[in-house]
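What follows is a single structure, written as structure tokens, with notes after it.
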Amino acid sequence: MNILKFVSVYPDEQSCRDNFKELREKEGVICKKCKSKTHYWLKNKEQWQCTGCDFRTTLRSGTIMQASKLPIRTWYLAMAFMSFSKKGISASELQRQLDHSRYDTIWALMHKIRTAMGLRDSLYGLNESIEMDEGFFSIATPKGTKLKRGKGSQKQKNVAVLAESIPLENIETGEKMSYTGYYKMKVLETQKAESINEYLEENINDMSIVFSDKSKSYVDISDFVDAHYTEKSTNETTNTTLKWVHIAISNAKRNFLGVYHKIEGKYLQLYLNEFCYKLNRRYFGNRLFDRLSIALACSYWYVSG
């Protein structure tokens with residue numbers, strides 16, 4: 001879907017509300033009170049009523065849009081611009097495109113959409129052969145912070161990156177190759193092994209095979225997976241064993257540098273959410289907006305609990 005088709009399909013607020021209602025019903029409306037999935041629609045109230053306990057759920061309840069006063073069409077337009085742009089769009093540019101008076105409102109709106117992206121991707125784990133490494137991402141230095149000489153790391157955040165590497169073999173030539181599947185990126189508060197272990201347990205199958213360098217933080221990985229292979233970090237390792245994970249790190253850094261002026265450390269994970277969400281759906285093409293609207297229609301009070 002491009003912007004011209006978007007305008008024809010969603011010309012007004014009601015068309016967006018109707019679509020959002022349809023998406024929520026397909027995903028399954030879940031009662032916050034009793035967790036029942038059986039509801040009926042009260043047209044005059046624009047709410048669902050639970051057949052079990054009579055608890056009512058509004059059109060936005062339980063979704064990322066909950067408590068938002070913005071029209072749903074504004075949300076849809078924001079999703080459209082964020083999904084139509086391959087590299088992303090800044091909050092100031094989106095504010096200009098939406099002709100909205102307040103920058104802070106659009107900035108918060110985009111972060112909520114990025115939160116939904118991260119929640120959706122958290123539902124899926126990685127399997128088979130997995131490359132793992134860490135990258136340091138530059139962040140904005142808080143005002144008033146005085147950096148000590150030689151302490152450049154104070155302006156960086158450590159990010160763990162996982163990439164599915166699926167091996168292939170050319171039938172005609174016998175050449176070994178691979179293609180990449182899904183990715184995950186997580187800002188780590190520490191570089192200790194405990195942080196890595198917790199991240200792996202949450203995101204990969206215990207029958208997976210993990211490839212990494214010889215970092216001391218990875219000493220316990222073999223306890224959580226079927227096999228763990230390590231290689232000394234070299235240029236050859238970067239281009240072969242850990243090829244896909246390093247390409248992802250490089251592309252993410254280039255993307256952030258080209259689109260966003262500064263990224264504060266506490267918001268870095270949200271930008272990584274968006275990058276990974278788009279990367280994991282890189283073959284969806286014009287259907288990316290449709291997938292994103294589904295992500296926002298999910299009842300996260302149930303999923304995240």
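Naming scheme: A, B, ... for chains in displayed order of the structure tokens; residues 1 onward per chain; ligands 1 onward as shown.
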
All residues 6 Å or closer to region 214-216 of chain A, only C-alpha atoms, same chain fewer than 6 positions away omitted, as a PyMOL selection string: chain A and resi 230-232

Excluding region 125-140 of chain A and its own-chain neighbours fewer than 4 positions away, which residues fall within 6 Å of it when counting only C-alpha atoms? Please give them as a tab-separated table (two decimals) with N, CA and C atoms, in the first residue's frame.
```tsv
chain	number	residue	atom	x	y	z
A	155	LYS	N	29.27	7.47	26.25
A	155	LYS	CA	28.32	7.96	25.26
A	155	LYS	C	27.80	6.82	24.39
A	156	GLN	N	27.94	5.59	24.84
A	156	GLN	CA	27.53	4.44	24.05
A	156	GLN	C	26.70	3.47	24.89
A	157	LYS	N	25.85	2.70	24.20
A	157	LYS	CA	25.08	1.65	24.82
A	157	LYS	C	25.44	0.32	24.16
A	158	ASN	N	25.55	-0.71	24.99
A	158	ASN	CA	25.88	-2.03	24.48
A	158	ASN	C	24.61	-2.76	24.06
A	159	VAL	N	24.58	-3.26	22.84
A	159	VAL	CA	23.39	-3.92	22.29
A	159	VAL	C	23.74	-5.34	21.87
A	160	ALA	N	22.99	-6.30	22.41
A	160	ALA	CA	23.14	-7.70	21.99
A	160	ALA	C	22.30	-7.93	20.76
A	161	VAL	N	22.87	-8.59	19.75
A	161	VAL	CA	22.18	-8.83	18.49
A	161	VAL	C	22.19	-10.31	18.17
A	162	LEU	N	21.02	-10.84	17.83
A	162	LEU	CA	20.87	-12.23	17.41
A	162	LEU	C	20.36	-12.27	15.98
A	163	ALA	N	20.89	-13.18	15.19
A	163	ALA	CA	20.46	-13.32	13.81
A	163	ALA	C	20.38	-14.79	13.43
A	164	GLU	N	19.25	-15.21	12.88
A	164	GLU	CA	19.12	-16.58	12.38
A	164	GLU	C	19.94	-16.71	11.10
A	165	SER	N	20.85	-17.64	11.09
A	165	SER	CA	21.67	-17.90	9.91
A	165	SER	C	21.34	-19.30	9.41
A	203	ASN	N	14.71	-15.75	24.33
A	203	ASN	CA	14.53	-15.49	22.89
A	203	ASN	C	14.93	-16.61	21.95
A	204	ILE	N	15.60	-17.66	22.42
A	204	ILE	CA	15.99	-18.71	21.49
A	204	ILE	C	15.56	-20.08	21.98
A	205	ASN	N	15.40	-21.00	21.04
A	205	ASN	CA	15.04	-22.37	21.35
A	205	ASN	C	16.24	-23.10	21.94
A	208	SER	N	18.79	-24.86	19.68
A	208	SER	CA	19.51	-24.05	18.70
A	208	SER	C	21.02	-24.24	18.82
A	209	ILE	N	21.71	-23.83	17.76
A	209	ILE	CA	23.17	-23.80	17.74
A	209	ILE	C	23.60	-22.34	17.65
A	210	VAL	N	24.43	-21.89	18.59
A	210	VAL	CA	24.84	-20.49	18.64
A	210	VAL	C	26.31	-20.35	18.25
A	211	PHE	N	26.57	-19.37	17.39
A	211	PHE	CA	27.93	-19.03	16.98
A	211	PHE	C	28.26	-17.64	17.52
A	212	SER	N	29.42	-17.50	18.12
A	212	SER	CA	29.81	-16.21	18.68
A	212	SER	C	31.33	-16.09	18.69
A	242	LEU	N	30.10	-14.70	11.53
A	242	LEU	CA	29.17	-13.71	12.11
A	242	LEU	C	28.77	-12.67	11.08
A	262	LYS	N	19.64	12.94	17.33
A	262	LYS	CA	20.25	12.35	18.52
A	262	LYS	C	19.26	11.35	19.11
A	263	ILE	N	19.78	10.28	19.69
A	263	ILE	CA	18.95	9.29	20.36
A	263	ILE	C	19.40	9.20	21.81
A	264	GLU	N	18.48	9.46	22.73
A	264	GLU	CA	18.80	9.33	24.15
A	264	GLU	C	18.88	7.85	24.51
A	265	GLY	N	19.77	7.53	25.43
A	265	GLY	CA	20.01	6.14	25.80
A	265	GLY	C	18.76	5.41	26.24
```

Residues near Ile30 (chain A), cut-off 12 Å, only C-alpha atoms, skip fewer than 2 positions along chain, as number ranges by chain: A: 24-28, 32-40, 48-53, 55-59, 61-63, 297-303

Expected answer as an MDAnalysis selection string: helix (DSSP H, G or I) residues in region 114-254 of chain A: chainID A and resid 114:121 152:155 193:203 216:218 221:223 235:239 243:254

Next, the residues of the selection above should be written as a compact mmCIF listing (two decimals), in the first residue's frame with N, CA and C atoms.
```txt
# COMPACT_ATOMS: atom_id res chain seq x y z
N ARG A 114 6.40 2.15 18.15
CA ARG A 114 7.62 1.34 18.28
C ARG A 114 7.50 0.33 19.42
N THR A 115 6.80 0.71 20.48
CA THR A 115 6.56 -0.23 21.57
C THR A 115 5.74 -1.41 21.08
N ALA A 116 4.71 -1.14 20.28
CA ALA A 116 3.89 -2.21 19.70
C ALA A 116 4.71 -3.11 18.80
N MET A 117 5.63 -2.53 18.05
CA MET A 117 6.52 -3.32 17.19
C MET A 117 7.34 -4.30 18.04
N GLY A 118 7.89 -3.78 19.14
CA GLY A 118 8.70 -4.62 20.02
C GLY A 118 7.89 -5.72 20.67
N LEU A 119 6.67 -5.40 21.11
CA LEU A 119 5.81 -6.39 21.73
C LEU A 119 5.43 -7.49 20.74
N ARG A 120 5.17 -7.10 19.51
CA ARG A 120 4.82 -8.09 18.49
C ARG A 120 5.98 -9.03 18.21
N ASP A 121 7.18 -8.47 18.07
CA ASP A 121 8.36 -9.31 17.81
C ASP A 121 8.73 -10.18 19.00
N GLY A 152 35.06 7.51 26.30
CA GLY A 152 34.06 7.63 25.24
C GLY A 152 32.92 6.65 25.39
N SER A 153 33.15 5.53 26.13
CA SER A 153 32.11 4.53 26.30
C SER A 153 30.91 5.07 27.06
N GLN A 154 31.10 6.20 27.77
CA GLN A 154 29.99 6.80 28.48
C GLN A 154 28.94 7.31 27.52
N LYS A 155 29.27 7.47 26.25
CA LYS A 155 28.32 7.96 25.26
C LYS A 155 27.80 6.82 24.39
N ALA A 193 27.77 -11.87 32.20
CA ALA A 193 27.23 -13.08 31.60
C ALA A 193 25.76 -13.29 31.97
N GLU A 194 25.37 -12.85 33.17
CA GLU A 194 23.99 -13.05 33.61
C GLU A 194 23.00 -12.36 32.67
N SER A 195 23.34 -11.18 32.19
CA SER A 195 22.46 -10.45 31.27
C SER A 195 22.31 -11.18 29.95
N ILE A 196 23.43 -11.70 29.44
CA ILE A 196 23.41 -12.46 28.19
C ILE A 196 22.59 -13.73 28.35
N ASN A 197 22.79 -14.43 29.44
CA ASN A 197 22.08 -15.69 29.67
C ASN A 197 20.57 -15.49 29.72
N GLU A 198 20.16 -14.46 30.44
CA GLU A 198 18.73 -14.16 30.56
C GLU A 198 18.13 -13.82 29.21
N TYR A 199 18.86 -13.05 28.43
CA TYR A 199 18.38 -12.65 27.10
C TYR A 199 18.23 -13.86 26.18
N LEU A 200 19.20 -14.76 26.22
CA LEU A 200 19.14 -15.95 25.37
C LEU A 200 17.99 -16.88 25.78
N GLU A 201 17.82 -17.09 27.06
CA GLU A 201 16.76 -17.97 27.54
C GLU A 201 15.38 -17.49 27.10
N GLU A 202 15.22 -16.17 27.01
CA GLU A 202 13.93 -15.60 26.65
C GLU A 202 13.67 -15.65 25.14
N ASN A 203 14.71 -15.75 24.33
CA ASN A 203 14.53 -15.49 22.89
C ASN A 203 14.93 -16.61 21.95
N LYS A 216 34.21 -13.21 27.14
CA LYS A 216 34.06 -13.84 28.45
C LYS A 216 32.61 -13.83 28.94
N SER A 217 31.80 -12.96 28.35
CA SER A 217 30.39 -12.88 28.74
C SER A 217 29.59 -14.07 28.23
N TYR A 218 30.19 -14.86 27.31
CA TYR A 218 29.46 -15.95 26.67
C TYR A 218 29.82 -17.33 27.24
N ILE A 221 26.81 -19.92 27.70
CA ILE A 221 25.80 -20.09 26.64
C ILE A 221 25.53 -21.57 26.36
N SER A 222 26.53 -22.40 26.42
CA SER A 222 26.35 -23.82 26.13
C SER A 222 25.38 -24.50 27.09
N ASP A 223 25.13 -23.89 28.24
CA ASP A 223 24.18 -24.46 29.20
C ASP A 223 22.73 -24.29 28.76
N ASN A 235 38.70 -10.22 11.25
CA ASN A 235 37.99 -9.74 10.06
C ASN A 235 37.33 -10.89 9.31
N GLU A 236 38.00 -12.05 9.30
CA GLU A 236 37.44 -13.21 8.62
C GLU A 236 36.17 -13.70 9.33
N THR A 237 36.22 -13.72 10.66
CA THR A 237 35.04 -14.12 11.43
C THR A 237 33.86 -13.19 11.15
N THR A 238 34.16 -11.88 11.08
CA THR A 238 33.12 -10.88 10.81
C THR A 238 32.47 -11.11 9.45
N ASN A 239 33.24 -11.55 8.48
CA ASN A 239 32.72 -11.71 7.12
C ASN A 239 32.17 -13.11 6.84
N LYS A 243 28.61 -13.10 9.85
CA LYS A 243 28.33 -12.18 8.74
C LYS A 243 27.05 -11.39 8.93
N TRP A 244 25.93 -12.09 9.16
CA TRP A 244 24.62 -11.43 9.17
C TRP A 244 24.44 -10.51 10.36
N VAL A 245 24.96 -10.91 11.50
CA VAL A 245 24.78 -10.08 12.68
C VAL A 245 25.56 -8.78 12.55
N HIS A 246 26.72 -8.82 11.90
CA HIS A 246 27.51 -7.60 11.73
C HIS A 246 26.91 -6.70 10.65
N ILE A 247 26.31 -7.28 9.64
CA ILE A 247 25.61 -6.48 8.63
C ILE A 247 24.45 -5.73 9.28
N ALA A 248 23.72 -6.42 10.16
CA ALA A 248 22.59 -5.78 10.84
C ALA A 248 23.05 -4.63 11.72
N ILE A 249 24.12 -4.84 12.48
CA ILE A 249 24.65 -3.78 13.34
C ILE A 249 25.07 -2.57 12.52
N SER A 250 25.79 -2.84 11.43
CA SER A 250 26.27 -1.76 10.57
C SER A 250 25.11 -0.98 9.95
N ASN A 251 24.09 -1.70 9.45
CA ASN A 251 22.94 -1.05 8.82
C ASN A 251 22.14 -0.23 9.83
N ALA A 252 21.99 -0.76 11.05
CA ALA A 252 21.24 -0.04 12.08
C ALA A 252 21.95 1.28 12.43
N LYS A 253 23.25 1.23 12.61
CA LYS A 253 24.00 2.44 12.94
C LYS A 253 23.89 3.47 11.83
N ARG A 254 24.01 3.02 10.59
CA ARG A 254 23.92 3.93 9.45
C ARG A 254 22.52 4.53 9.33
```

Residues of region 32-147 of chain A in strand (DSSP E or B), written as an NGL selection string: :A and (39-42 or 47-50 or 56-58 or 126 or 129-138 or 140)

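Put simply, CA of Arg282 (chain A) is 17.8 Å away from CA of Ile113 (chain A).
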